[in-house]
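Undergrad: So here's coords01.txt (compact mmCIF, C-alpha atoms).
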# COMPACT_ATOMS: atom_id res chain seq x y z
CA ASN E 1 2.86 -19.96 1.41
CA GLY E 2 -0.82 -20.56 1.88
CA TYR E 3 -3.62 -18.23 2.80
CA PRO E 4 -2.92 -15.52 5.41
CA SER E 5 -3.78 -16.57 8.96
CA LYS E 6 -2.70 -15.95 12.54
CA ASP E 7 0.07 -18.52 12.09
CA ASN E 8 0.88 -17.33 8.56
CA PRO E 9 0.73 -13.52 8.50
CA TYR E 10 1.45 -11.56 5.34
CA LEU E 11 3.30 -8.23 5.26
CA PHE E 12 3.15 -6.35 1.95
CA ASN E 13 5.83 -3.68 1.84
CA GLY E 14 4.56 -0.85 -0.35
CA ASP E 15 4.67 0.19 -3.99
CA PHE E 16 1.38 -1.54 -4.75
CA VAL E 17 0.69 0.77 -7.69
CA ASP E 18 2.51 2.27 -10.69
CA ARG E 19 3.80 -1.11 -11.86
CA GLY E 20 1.74 -1.64 -14.98
CA SER E 21 -1.77 -1.15 -16.32
CA PHE E 22 -3.51 -3.19 -13.61
CA SER E 23 -2.53 -1.21 -10.52
CA VAL E 24 -6.17 -0.65 -9.57
CA GLU E 25 -6.81 -4.37 -9.57
CA VAL E 26 -3.62 -5.06 -7.61
CA ILE E 27 -4.38 -2.57 -4.81
CA LEU E 28 -8.00 -3.72 -4.63
CA THR E 29 -6.82 -7.31 -4.24
CA TYR E 30 -4.51 -6.32 -1.38
CA LEU E 31 -7.29 -4.33 0.28
CA LEU E 32 -9.69 -7.26 -0.03
CA PHE E 33 -7.11 -9.53 1.61
CA LYS E 34 -6.81 -6.97 4.43
CA LEU E 35 -10.59 -6.80 4.85
CA SER E 36 -10.95 -10.57 4.83
CA ASP E 37 -8.31 -11.13 7.52
CA PRO E 38 -7.35 -7.83 9.16
CA ASP E 39 -5.25 -9.46 11.89
CA SER E 40 -3.13 -11.47 9.45
CA VAL E 41 -2.59 -9.11 6.51
CA TYR E 42 -0.48 -5.98 6.88
CA LEU E 43 0.08 -3.29 4.27
CA LEU E 44 2.88 -0.74 4.57
CA ARG E 45 2.93 2.48 2.61
CA GLY E 46 5.62 2.77 -0.04
CA ASN E 47 6.79 5.87 -1.84
CA HIS E 48 4.40 5.14 -4.73
CA GLU E 49 1.39 5.45 -2.42
CA THR E 50 1.59 9.25 -2.63
CA LYS E 51 -0.27 11.77 -4.77
CA ASN E 52 2.86 13.09 -6.45
CA MET E 53 4.17 9.65 -7.42
CA ASN E 54 0.68 8.60 -8.57
CA ARG E 55 0.61 11.58 -10.91
CA ILE E 56 4.12 11.05 -12.28
CA TYR E 57 4.02 7.27 -12.74
CA GLY E 58 0.46 6.76 -13.94
CA PHE E 59 -1.79 5.50 -11.17
CA GLU E 60 -3.81 8.72 -11.15
CA GLY E 61 -4.40 8.46 -14.90
CA GLU E 62 -5.29 4.78 -14.66
CA VAL E 63 -7.86 5.37 -11.91
CA LYS E 64 -9.41 8.33 -13.70
CA ALA E 65 -9.59 6.38 -16.98
CA LYS E 66 -11.27 3.42 -15.27
CA TYR E 67 -13.37 5.37 -12.74
CA ASP E 68 -13.22 9.07 -11.85
CA ASP E 69 -11.64 11.79 -9.68
CA LYS E 70 -13.64 10.79 -6.59
CA ILE E 71 -12.34 7.23 -6.67
CA PHE E 72 -8.78 8.53 -7.03
CA GLU E 73 -9.29 10.76 -3.98
CA LEU E 74 -10.58 7.75 -2.03
CA PHE E 75 -7.45 5.79 -2.91
CA LEU E 76 -5.35 8.71 -1.64
CA GLU E 77 -7.29 8.65 1.64
CA VAL E 78 -6.61 4.94 2.00
CA PHE E 79 -2.92 5.42 1.22
CA CYS E 80 -2.66 8.10 3.92
CA GLN E 81 -3.94 5.59 6.48
CA LEU E 82 -1.30 2.98 5.71
CA PRO E 83 1.48 2.70 8.29
CA LEU E 84 5.02 3.59 7.29
CA ALA E 85 6.64 0.82 9.34
CA ALA E 86 6.00 -2.44 11.13
CA VAL E 87 7.77 -4.41 13.84
CA VAL E 88 7.82 -8.16 13.26
CA ALA E 89 8.08 -10.53 16.24
CA ASP E 90 9.36 -7.67 18.43
CA LYS E 91 12.69 -8.04 16.61
CA VAL E 92 12.59 -6.74 13.05
CA PHE E 93 11.78 -3.15 12.05
CA VAL E 94 10.41 -3.01 8.49
CA THR E 95 9.99 0.07 6.28
CA HIS E 96 9.62 0.36 2.54
CA GLY E 97 12.67 2.48 1.87
CA GLY E 98 14.57 2.84 5.12
CA LEU E 99 14.64 5.60 7.69
CA PRO E 100 14.14 9.22 6.61
CA VAL E 101 17.24 11.39 6.48
CA THR E 102 15.31 14.65 6.74
CA PRO E 103 15.22 16.06 10.29
CA GLY E 104 11.73 16.19 11.76
CA VAL E 105 10.26 13.56 9.47
Let me see the file written as structure tokens.

TA:
Amino acid sequence: NGYPSKDNPYLFNGDFVDRGSFSVEVILTYLLFKLSDPDSVYLLRGNHETKNMNRIYGFEGEVKAKYDDKIFELFLEVFCQLPLAAVVADKVFVTHGGLPVTPGV
């Protein structure tokens, strides 16, 4: 509740896109929150922040319809920089979908 701050951090846990026709606006809003308060807003990568899922579920098409290929590639670069996990208060390990079951991942 309230705006993100040092005493009120926000952790967004992935799947920011592919949930309707305004995914571009949703991810841009999250990124603007992160830019405005980088020490209080945290974004974890979900399984929909991948090229394959973007193609299957529509984010790629949405971005290309609203902008172009270059902007889509920039989103992919941003997604690749998002962490896969976070530790909250040195006690809670958070991931979008749990631990990988594939050896070496």

Undergrad: Please provide as a list in words all residues within 12 Å of Val88 of chain E, with the sequence filter that same-chain residues fewer than 6 positions apart are discarded (counting all atoms listed in the file).

TA: Pro9, Tyr10, Leu11, Tyr42, Val94 and Thr95 of chain E

Undergrad: Given all atoms listed in the file as the basis, pick out the residue of E:Ser5, E:Asp90, E:Val101, E:Pro83 nearest to Asp39 of chain E.

TA: E:Ser5

Undergrad: Give me, as a PyMOL selection string, all polymer residues having an atom no more than 10 Å from Leu84 of chain E, counting all atoms listed in the file and skipping those fewer than 6 positions away in the same chain.

TA: chain E and resi 13-14+43-47+94-99

Undergrad: Considering all atoms listed in the file, can you say which of E:Thr102, E:Asn8, E:Leu82, E:Leu74 comes closest to Val41 of chain E?

TA: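 Ranked by minimum distance to Val41 of chain E, first place goes to E:Asn8.
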
Undergrad: Between E:Asp7, E:Val87, E:Pro103, E:Phe12, which is the closest to Phe33 of chain E once you count all atoms listed in the file?

TA: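 Of all the options, E:Phe12 lies closest to Phe33 of chain E.
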
Undergrad: One decimal, Å: what's the distance from atom CA of Ser21 of chain E over to atom CA of Gly61 of chain E, could you say?

TA: 10.1 Å

Undergrad: Considering all atoms listed in the file, state which residue in the set E:Glu49, E:Glu73, E:Glu62, E:Asp37 is at the smallest distance from Asp15 of chain E.

TA: E:Glu49

Undergrad: Report the distance between atom CA of Leu35 of chain E and atom CA of Ile71 of chain E in Å, rounded to one decimal place.

TA: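 Computing the Euclidean distance for atom CA of Leu35 of chain E and atom CA of Ile71 of chain E yields 18.2 Å.
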
Undergrad: Hey, what's within 9 Å of Ile27 of chain E if we count all atoms listed in the file and toss same-chain stuff fewer than 5 positions away? As a PyMOL selection string, please?

TA: chain E and resi 16-17+22+32

Undergrad: Okay, now the selection with C-alpha atoms, as a PDB file, in the coordinates of the input?

TA:
ATOM      1  CA  PHE E  16       1.380  -1.540  -4.750  1.00  0.00           C
ATOM      2  CA  VAL E  17       0.690   0.770  -7.690  1.00  0.00           C
ATOM      3  CA  PHE E  22      -3.510  -3.190 -13.610  1.00  0.00           C
ATOM      4  CA  LEU E  32      -9.690  -7.260  -0.030  1.00  0.00           C
TER       5      LEU E  32
END

Undergrad: Can you pull out every residue within 10 Å of Val63 of chain E, counting all atoms listed in the file, but drop anything in the same chain fewer than 4 positions away, and send it as JSON, numbers by chain?

TA: {"E": [21, 22, 23, 24, 54, 58, 59, 67, 68, 69, 70, 71, 72, 73, 75]}

Undergrad: What's the separation between atom CA of Pro4 of chain E and atom CA of Lys66 of chain E, in Å to one decimal place?

TA: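 Calculated distance between atom CA of Pro4 of chain E and atom CA of Lys66 of chain E is 29.3 Å.
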
Undergrad: Pick out the closest residue to Tyr3 of chain E from this set: E:Lys34, E:Arg19, E:Lys91, E:Lys64. Count all atoms listed in the file.

TA: E:Lys34

Undergrad: Find the residue from E:Ala86, E:Asn1, E:Asp18, E:Pro100 that sits nearest to Ile56 of chain E; use only C-alpha atoms when measuring.

TA: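 Smallest distance to Ile56 of chain E is found for E:Asp18.
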